$ cat start_25.cif   # mmCIF, C-alpha atoms
data_input
loop_
_atom_site.label_atom_id
_atom_site.label_comp_id
_atom_site.auth_asym_id
_atom_site.auth_seq_id
_atom_site.Cartn_x
_atom_site.Cartn_y
_atom_site.Cartn_z
CA MET A 696 24.88 -25.43 55.95
CA ASN A 697 21.82 -27.14 54.45
CA THR A 698 19.43 -25.02 52.42
CA ILE A 699 15.80 -26.07 52.73
CA ASP A 700 13.06 -24.77 50.45
CA ILE A 701 10.27 -24.61 53.03
CA THR A 702 7.62 -25.12 50.32
CA THR A 703 8.93 -28.60 49.55
CA ILE A 704 7.99 -29.59 53.09
CA LEU A 705 4.90 -27.48 53.82
CA GLY A 706 3.59 -26.20 50.48
CA SER A 707 3.41 -22.60 49.35
CA GLU A 708 0.71 -21.38 51.78
CA LEU A 709 1.90 -21.34 55.38
CA LYS A 710 -1.48 -21.06 57.05
CA SER A 711 -1.33 -22.10 60.68
CA ARG A 712 0.62 -22.96 63.79
CA THR A 713 0.33 -26.62 62.84
CA PHE A 714 2.49 -25.99 59.77
CA ALA A 715 5.22 -24.52 61.97
CA ARG A 716 5.04 -27.48 64.35
CA ASP A 717 5.24 -29.87 61.39
CA PHE A 718 8.35 -28.11 60.13
CA ALA A 719 9.95 -28.31 63.58
CA LYS A 720 9.19 -32.05 63.68
CA TYR A 721 10.69 -32.45 60.20
CA LEU A 722 13.92 -30.77 61.33
CA GLN A 723 14.06 -32.95 64.44
CA ASN A 724 13.39 -36.17 62.51
CA MET A 725 16.07 -35.30 59.98
CA GLU A 726 18.40 -34.34 62.87
CA ILE A 727 19.02 -30.92 61.34
CA ARG A 728 20.56 -28.52 63.85
CA GLN A 729 21.54 -25.71 61.50
CA ALA A 730 19.97 -24.72 58.19
CA GLN A 731 19.18 -21.94 55.78
CA VAL A 732 15.42 -21.80 55.15
CA ASP A 733 14.43 -20.46 51.73
CA PHE A 734 11.04 -18.72 51.54
CA SER A 735 11.29 -17.73 47.85
CA HIS A 736 8.39 -19.95 46.70
CA VAL A 737 6.03 -19.09 49.57
CA LYS A 738 2.82 -17.48 48.27
CA SER A 739 1.28 -16.56 51.63
CA VAL A 740 2.02 -16.74 55.32
CA THR A 741 -0.18 -16.05 58.34
CA ARG A 742 0.78 -14.29 61.53
CA SER A 743 -0.16 -17.37 63.53
CA PHE A 744 2.28 -19.47 61.47
CA MET A 745 5.04 -16.91 61.97
CA ASP A 746 4.34 -16.66 65.70
CA GLU A 747 4.68 -20.41 66.20
CA PHE A 748 7.65 -20.62 63.79
CA TYR A 749 9.44 -17.88 65.71
CA HIS A 750 8.84 -19.39 69.14
CA LEU A 751 9.71 -22.94 68.10
CA LEU A 752 12.63 -22.34 65.76
CA VAL A 753 13.86 -18.78 65.28
CA ARG A 754 14.12 -17.43 68.80
CA LYS A 755 17.68 -17.80 70.08
CA ASP A 756 16.56 -19.73 73.17
CA ASN A 757 14.30 -22.15 71.28
CA ALA A 758 13.87 -25.53 72.95
CA GLN A 759 14.98 -27.44 69.86
CA GLY A 760 18.43 -25.87 69.87
CA ILE A 761 18.16 -25.30 66.12
CA GLN A 762 19.83 -22.36 64.38
CA LEU A 763 18.10 -21.09 61.25
CA GLU A 764 18.98 -18.45 58.72
CA LEU A 765 15.86 -17.22 56.90
CA THR A 766 16.25 -16.13 53.27
CA ASN A 767 14.10 -14.69 50.48
CA MET A 768 11.16 -13.73 52.71
CA ASP A 769 8.65 -11.40 51.08
CA ILE A 770 7.70 -8.15 52.79
CA GLN A 771 4.56 -9.62 54.42
CA ALA A 772 6.51 -12.47 56.03
CA GLN A 773 9.21 -10.04 57.16
CA GLU A 774 6.61 -7.74 58.73
CA PHE A 775 4.90 -10.63 60.53
CA LEU A 776 8.25 -11.83 61.86
CA LYS A 777 9.12 -8.33 63.03
CA ALA A 778 5.74 -7.96 64.79
CA VAL A 779 6.13 -11.33 66.48
CA LYS A 780 9.63 -10.47 67.69
CA VAL A 781 8.46 -7.17 69.17
CA THR A 782 5.55 -8.70 71.05
CA ALA A 783 7.45 -11.81 72.15
CA ASP A 784 10.39 -9.88 73.53
CA ALA A 785 8.40 -7.04 75.13
CA PRO A 786 8.24 -6.95 78.91
CA ARG A 787 4.94 -8.23 80.26
CA LYS A 788 2.67 -5.74 81.99
CA THR A 789 0.62 -6.90 84.90
CA ALA A 790 -2.62 -5.32 86.01
CA SER A 791 -2.74 -3.72 89.43
CA LEU A 792 -5.80 -3.21 91.56
CA ASP A 793 -4.09 -0.67 93.82
CA ASN A 794 -5.94 2.30 92.34
CA ALA A 795 -9.07 0.46 91.27
CA ARG A 796 -12.50 1.73 92.19
CA PHE A 797 -15.23 -0.84 92.53
CA LEU A 798 -18.86 -0.09 91.88
CA ASN A 799 -21.42 -1.75 94.11
CA PRO A 800 -24.85 -0.48 93.08
CA ALA A 801 -27.70 -1.31 95.42
CA THR A 802 -30.28 -1.39 92.63
CA PHE A 803 -30.50 -2.02 88.94
CA GLN A 804 -31.53 1.64 88.52
CA GLN A 805 -28.25 2.81 90.08
CA LEU A 806 -26.30 0.50 87.79
CA SER A 807 -28.23 1.74 84.77
CA GLU A 808 -27.59 5.38 85.71
CA TYR A 809 -23.88 4.70 86.08
CA LEU A 810 -23.64 2.90 82.75
CA THR A 811 -25.26 5.83 80.90
CA THR A 812 -22.35 8.02 82.03
CA LEU A 813 -19.78 5.85 80.28
#

$ encode --input "start_25.cif" --output "structure tokens"
Amino acid sequence: MNTIDITTILGSELKSRTFARDFAKYLQNMEIRQAQVDFSHVKSVTRSFMDEFYHLLVRKDNAQGIQLELTNMDIQAQEFLKAVKVTADAPRKTASLDNARFLNPATFQQLSEYLTTL
């Protein structure tokens, strides 16, 4: 299995979704299907980077069909990844209007009176 120091491709500050997309393109261009990704030289990572990275490359059903093993992630990167996994895999809630009550004030005064009660 190839080991890739992610900082040699993207630098030490993984700031945005674009960085994750660039890394995915790099893996595709190099025809890498399986790799160990080393985060030991990463200085900072954003949640947006980790969100895109997870959806493009880490999630088991990723469209690229790439399998990655992530190593040497600092605590911040680990926490971002954990948060992304929880939100990505959580069931979606949909709003329902079944029990909704709609306000239809006849005048601005009625609307104003209602808003003061909130």

$ residues_around --input "start_25.cif" --residues "Gln771 in chain A" --least-positions-apart "3" --cutoff "9 Å" --atoms "all atoms listed in the file" --output "ChimeraX atom specification"
/A:739-741,768,774-776

$ resolve_selection --input "start_25.cif" --expression "the PyMOL selection byres ((chain A and resi 724-737) around 7)" --output "list of chain:residue names"
A:Met696, A:Asn697, A:Thr698, A:Ile699, A:Asp700, A:Ile701, A:Thr702, A:Ser707, A:Glu708, A:Lys720, A:Tyr721, A:Leu722, A:Gln723, A:Lys738, A:Ser739, A:Gly760, A:Ile761, A:Gln762, A:Leu763, A:Glu764, A:Leu765, A:Thr766, A:Asn767, A:Met768

$ atom_distance --input "start_25.cif" --atom1 "CA of Leu752 in chain A" --atom2 "CA of Thr789 in chain A"
27.4 Å

$ closest_residue --input "start_25.cif" --among "A:Leu810, A:Lys755, A:Thr802, A:Asp746" --to "Val781 in chain A" --atoms "only C-alpha atoms"
A:Asp746

$ atom_distance --input "start_25.cif" --atom1 "CA of Lys777 in chain A" --atom2 "CA of Gln759 in chain A"
21.1 Å

$ build_atoms --input "start_25.cif" --residues "range 767-803 of chain A" --atoms "N, CA and C atoms" --output "compact mmCIF listing (two decimals), in the coordinates of the input"
# COMPACT_ATOMS: atom_id res chain seq x y z
N ASN A 767 15.09 -14.96 51.54
CA ASN A 767 14.10 -14.69 50.48
C ASN A 767 12.66 -14.57 51.00
N MET A 768 12.50 -13.96 52.17
CA MET A 768 11.16 -13.73 52.71
C MET A 768 10.57 -12.50 52.04
N ASP A 769 9.29 -12.59 51.64
CA ASP A 769 8.65 -11.40 51.08
C ASP A 769 8.35 -10.40 52.20
N ILE A 770 7.89 -9.23 51.82
CA ILE A 770 7.70 -8.15 52.79
C ILE A 770 6.66 -8.52 53.85
N GLN A 771 5.60 -9.23 53.45
CA GLN A 771 4.56 -9.62 54.42
C GLN A 771 5.14 -10.54 55.49
N ALA A 772 5.89 -11.54 55.08
CA ALA A 772 6.51 -12.47 56.03
C ALA A 772 7.49 -11.73 56.94
N GLN A 773 8.26 -10.82 56.37
CA GLN A 773 9.21 -10.04 57.16
C GLN A 773 8.49 -9.20 58.21
N GLU A 774 7.38 -8.57 57.81
CA GLU A 774 6.61 -7.74 58.73
C GLU A 774 5.98 -8.57 59.84
N PHE A 775 5.45 -9.74 59.50
CA PHE A 775 4.90 -10.63 60.53
C PHE A 775 5.98 -11.05 61.51
N LEU A 776 7.14 -11.41 61.00
CA LEU A 776 8.25 -11.83 61.86
C LEU A 776 8.67 -10.69 62.78
N LYS A 777 8.74 -9.50 62.23
CA LYS A 777 9.12 -8.33 63.03
C LYS A 777 8.09 -8.08 64.14
N ALA A 778 6.81 -8.17 63.80
CA ALA A 778 5.74 -7.96 64.79
C ALA A 778 5.80 -9.01 65.89
N VAL A 779 6.04 -10.24 65.51
CA VAL A 779 6.13 -11.33 66.48
C VAL A 779 7.31 -11.11 67.42
N LYS A 780 8.44 -10.72 66.87
CA LYS A 780 9.63 -10.47 67.69
C LYS A 780 9.36 -9.37 68.72
N VAL A 781 8.73 -8.30 68.27
CA VAL A 781 8.46 -7.17 69.17
C VAL A 781 7.55 -7.59 70.32
N THR A 782 6.48 -8.30 70.00
CA THR A 782 5.55 -8.70 71.05
C THR A 782 6.12 -9.81 71.94
N ALA A 783 6.89 -10.70 71.37
CA ALA A 783 7.45 -11.81 72.15
C ALA A 783 8.52 -11.33 73.12
N ASP A 784 9.28 -10.34 72.72
CA ASP A 784 10.39 -9.88 73.53
C ASP A 784 10.04 -8.68 74.43
N ALA A 785 8.81 -8.19 74.32
CA ALA A 785 8.40 -7.04 75.13
C ALA A 785 8.17 -7.48 76.57
N PRO A 786 8.50 -6.59 77.51
CA PRO A 786 8.24 -6.95 78.91
C PRO A 786 6.73 -7.06 79.14
N ARG A 787 6.35 -8.01 79.96
CA ARG A 787 4.94 -8.23 80.26
C ARG A 787 4.46 -7.22 81.29
N LYS A 788 3.28 -6.66 81.04
CA LYS A 788 2.67 -5.74 81.99
C LYS A 788 1.62 -6.51 82.79
N THR A 789 1.62 -6.26 84.06
CA THR A 789 0.62 -6.90 84.90
C THR A 789 -0.35 -5.86 85.42
N ALA A 790 -1.59 -6.24 85.52
CA ALA A 790 -2.62 -5.32 86.01
C ALA A 790 -2.48 -5.18 87.52
N SER A 791 -2.79 -3.99 88.00
CA SER A 791 -2.74 -3.72 89.43
C SER A 791 -4.09 -3.21 89.88
N LEU A 792 -4.53 -3.66 91.00
CA LEU A 792 -5.80 -3.21 91.56
C LEU A 792 -5.61 -2.15 92.63
N ASP A 793 -4.39 -1.65 92.78
CA ASP A 793 -4.09 -0.67 93.82
C ASP A 793 -4.96 0.57 93.73
N ASN A 794 -5.17 1.07 92.52
CA ASN A 794 -5.94 2.30 92.34
C ASN A 794 -7.32 2.04 91.77
N ALA A 795 -7.77 0.81 91.85
CA ALA A 795 -9.07 0.46 91.27
C ALA A 795 -10.21 0.96 92.15
N ARG A 796 -11.28 1.32 91.49
CA ARG A 796 -12.50 1.73 92.19
C ARG A 796 -13.58 0.74 91.82
N PHE A 797 -14.20 0.16 92.80
CA PHE A 797 -15.23 -0.84 92.53
C PHE A 797 -16.61 -0.24 92.72
N LEU A 798 -17.48 -0.57 91.82
CA LEU A 798 -18.86 -0.09 91.88
C LEU A 798 -19.71 -1.17 92.51
N ASN A 799 -20.54 -0.79 93.45
CA ASN A 799 -21.42 -1.75 94.11
C ASN A 799 -22.82 -1.14 94.19
N PRO A 800 -23.53 -1.10 93.07
CA PRO A 800 -24.85 -0.48 93.08
C PRO A 800 -25.84 -1.32 93.89
N ALA A 801 -26.70 -0.62 94.60
CA ALA A 801 -27.70 -1.31 95.42
C ALA A 801 -28.89 -1.76 94.58
N THR A 802 -29.12 -1.06 93.47
CA THR A 802 -30.28 -1.39 92.63
C THR A 802 -29.87 -1.41 91.17
N PHE A 803 -30.72 -2.02 90.38
CA PHE A 803 -30.50 -2.02 88.94
C PHE A 803 -30.56 -0.60 88.40
